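Contents: one structure, followed by commentary.
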Amino acid sequence: MNFELMANSFPLLLAGAAITVEITAMSVTFGLLIGCMIGIARLCSIKPLRYFANVYVDFIRGTPLLVQIFLVYFALPNIIGSRVDPFVAAISACSINSGAEIFRAGIQSIDKGQMEAGRSLGMTWAQTMRYIIMPQAFKRIIPPLGNEFIALIKETSVVSFVGAADLYVAFNYIGSNS
């Protein structure tokens, strides 16, 4: 075993792992916010909003993460007229991918009687969602959120295709130099 190579590689691998965890944590956080909005939109009575949310989920679930990263990194600059940083593109694409479905399932898992109870107390639909449904839904989505975090750690290796230096890039660099 080459202990010198391992000792010299450790800081680079640690930095790559830190970037991977950072991309994953930020993506799951932003994805949770996106998922909350999309989940509520999919359940609301406003048809255009519900239609947009359904199209969003169908598109995101129907395309691979790599395609989404390419769209954010290569196509978006043509639309906005400015270059997108690889790190920002990675977080954006992973967030968009992460936020597609978990929260809706959590909201729908809450018994309909909870909404009726809130409404019978005189709360509006929004108040009932905020104070009764969402806290219960959030508690129920914690296990799937953990699964999403683990899956996203594995999927972040594709961010290296747009130049984000994560753990995969660190391994490739060490492998090519030894």
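Lettering and numbering for the structure tokens are positional, with chains as A, B, ... in the shown order, residues counted from 1 in each chain, and ligands counted from 1 in the shown order.
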
Extract the full set of helix (DSSP H, G or I) residues from chain A according to DSSP on the backbone, and format it as an MDAnalysis selection string.
chainID A and resid 3:43 47:62 65:80 86:98 102:108 112:120 125:162 167:177

I need the residues from that last selection saved to file as a compact mmCIF listing (two decimals), in the first residue's frame (with C-alpha atoms), if you can.
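The new file again.txt reads:
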# COMPACT_ATOMS: atom_id res chain seq x y z
CA PHE A 3 0.57 5.37 2.40
CA GLU A 4 2.20 8.52 1.04
CA LEU A 5 -0.35 8.66 -1.80
CA MET A 6 -3.16 8.14 0.69
CA ALA A 7 -1.84 10.88 2.98
CA ASN A 8 -1.39 13.30 0.09
CA SER A 9 -4.83 12.48 -1.34
CA PHE A 10 -6.77 12.81 1.88
CA PRO A 11 -7.09 16.64 1.90
CA LEU A 12 -8.29 16.65 -1.72
CA LEU A 13 -10.82 13.88 -1.03
CA LEU A 14 -12.00 15.68 2.11
CA ALA A 15 -12.51 18.90 0.14
CA GLY A 16 -14.40 17.01 -2.57
CA ALA A 17 -16.59 15.29 0.03
CA ALA A 18 -17.31 18.66 1.66
CA ILE A 19 -18.44 20.11 -1.68
CA THR A 20 -20.59 17.04 -2.35
CA VAL A 21 -22.29 17.34 1.05
CA GLU A 22 -22.68 21.12 0.58
CA ILE A 23 -24.32 20.69 -2.84
CA THR A 24 -26.57 17.97 -1.45
CA ALA A 25 -27.59 19.87 1.71
CA MET A 26 -28.35 23.07 -0.19
CA SER A 27 -30.21 21.17 -2.90
CA VAL A 28 -32.39 19.28 -0.44
CA THR A 29 -33.13 22.51 1.46
CA PHE A 30 -34.11 24.44 -1.67
CA GLY A 31 -35.83 21.33 -3.04
CA LEU A 32 -37.92 21.14 0.12
CA LEU A 33 -39.07 24.73 -0.43
CA ILE A 34 -39.81 24.08 -4.10
CA GLY A 35 -41.54 20.83 -3.21
CA CYS A 36 -43.69 22.57 -0.61
CA MET A 37 -44.88 25.13 -3.15
CA ILE A 38 -45.41 22.53 -5.88
CA GLY A 39 -47.17 20.15 -3.47
CA ILE A 40 -49.60 22.84 -2.39
CA ALA A 41 -50.10 23.94 -6.01
CA ARG A 42 -50.95 20.38 -7.05
CA LEU A 43 -53.66 20.24 -4.41
CA LYS A 47 -56.72 24.99 -12.27
CA PRO A 48 -53.86 26.87 -14.06
CA LEU A 49 -51.67 26.61 -10.97
CA ARG A 50 -52.49 22.93 -10.56
CA TYR A 51 -51.83 22.33 -14.27
CA PHE A 52 -48.44 24.08 -14.08
CA ALA A 53 -47.47 22.01 -11.02
CA ASN A 54 -48.49 18.77 -12.74
CA VAL A 55 -46.49 19.65 -15.86
CA TYR A 56 -43.50 20.56 -13.67
CA VAL A 57 -43.59 17.23 -11.82
CA ASP A 58 -44.12 15.22 -15.02
CA PHE A 59 -41.22 16.97 -16.75
CA ILE A 60 -38.83 16.70 -13.80
CA ARG A 61 -39.67 13.06 -13.10
CA GLY A 62 -39.44 12.25 -16.81
CA LEU A 65 -30.75 14.75 -13.60
CA LEU A 66 -27.90 15.05 -16.11
CA VAL A 67 -30.26 16.51 -18.73
CA GLN A 68 -31.59 18.98 -16.17
CA ILE A 69 -28.05 20.06 -15.25
CA PHE A 70 -27.22 20.53 -18.93
CA LEU A 71 -30.37 22.61 -19.41
CA VAL A 72 -29.48 24.87 -16.48
CA TYR A 73 -25.79 25.16 -17.37
CA PHE A 74 -25.91 25.32 -21.19
CA ALA A 75 -29.44 26.42 -22.19
CA LEU A 76 -30.20 28.93 -19.44
CA PRO A 77 -27.26 31.23 -20.34
CA ASN A 78 -28.69 31.55 -23.86
CA ILE A 79 -32.00 32.68 -22.36
CA ILE A 80 -30.68 35.07 -19.71
CA PRO A 86 -21.09 25.48 -12.33
CA PHE A 87 -21.71 25.36 -8.57
CA VAL A 88 -24.91 27.41 -8.91
CA ALA A 89 -26.03 25.29 -11.87
CA ALA A 90 -25.43 22.12 -9.85
CA ILE A 91 -27.42 23.36 -6.85
CA SER A 92 -30.21 24.73 -9.05
CA ALA A 93 -30.66 21.56 -11.08
CA CYS A 94 -30.41 19.28 -8.05
CA SER A 95 -32.91 21.46 -6.15
CA ILE A 96 -35.37 21.43 -9.01
CA ASN A 97 -34.98 17.66 -9.27
CA SER A 98 -35.25 17.10 -5.54
CA ILE A 102 -42.09 14.35 -1.69
CA PHE A 103 -44.19 17.10 -0.11
CA ARG A 104 -47.35 16.33 -2.09
CA ALA A 105 -47.29 12.77 -0.81
CA GLY A 106 -46.84 14.03 2.75
CA ILE A 107 -49.78 16.41 2.42
CA GLN A 108 -52.02 13.77 0.90
CA LYS A 112 -59.08 14.73 5.12
CA GLY A 113 -60.80 15.09 8.48
CA GLN A 114 -57.94 17.34 9.58
CA MET A 115 -58.82 19.87 6.89
CA GLU A 116 -62.50 19.61 7.78
CA ALA A 117 -61.68 20.14 11.46
CA GLY A 118 -59.67 23.27 10.72
CA ARG A 119 -62.37 24.62 8.45
CA SER A 120 -65.06 23.91 11.07
CA TRP A 125 -57.90 27.01 3.67
CA ALA A 126 -54.47 28.69 3.93
CA GLN A 127 -54.57 28.85 7.73
CA THR A 128 -55.60 25.21 7.94
CA MET A 129 -52.74 24.24 5.64
CA ARG A 130 -50.24 26.34 7.60
CA TYR A 131 -51.20 25.44 11.16
CA ILE A 132 -52.68 21.95 10.91
CA ILE A 133 -51.79 20.10 7.70
CA MET A 134 -48.20 21.26 6.98
CA PRO A 135 -46.74 20.48 10.46
CA GLN A 136 -48.15 16.95 10.28
CA ALA A 137 -47.03 16.53 6.67
CA PHE A 138 -43.51 17.72 7.47
CA LYS A 139 -43.23 15.17 10.25
CA ARG A 140 -44.28 12.43 7.84
CA ILE A 141 -41.84 13.40 5.09
CA ILE A 142 -38.73 13.24 7.28
CA PRO A 143 -37.96 9.57 6.40
CA PRO A 144 -38.42 10.10 2.62
CA LEU A 145 -36.38 13.28 2.94
CA GLY A 146 -33.54 11.23 4.41
CA ASN A 147 -33.82 8.85 1.46
CA GLU A 148 -33.76 11.83 -0.92
CA PHE A 149 -30.60 13.14 0.77
CA ILE A 150 -28.85 9.79 0.35
CA ALA A 151 -29.98 9.44 -3.27
CA LEU A 152 -28.86 12.98 -4.06
CA ILE A 153 -25.40 12.35 -2.59
CA LYS A 154 -25.04 9.53 -5.11
CA GLU A 155 -26.51 11.57 -7.97
CA THR A 156 -24.27 14.60 -7.44
CA SER A 157 -21.46 12.82 -9.26
CA VAL A 158 -23.07 14.04 -12.51
CA VAL A 159 -22.37 17.68 -11.58
CA SER A 160 -18.77 17.05 -12.60
CA PHE A 161 -19.91 17.19 -16.24
CA VAL A 162 -20.41 20.95 -15.92
CA LEU A 167 -15.87 14.11 -4.68
CA TYR A 168 -16.06 12.40 -8.09
CA VAL A 169 -13.72 15.02 -9.59
CA ALA A 170 -11.30 14.59 -6.68
CA PHE A 171 -11.18 10.81 -7.27
CA ASN A 172 -10.59 11.32 -10.98
CA TYR A 173 -7.82 13.82 -10.33
CA ILE A 174 -6.05 11.50 -7.90
CA GLY A 175 -6.50 8.53 -10.26
CA SER A 176 -5.06 10.39 -13.22
CA ASN A 177 -2.03 11.63 -11.28
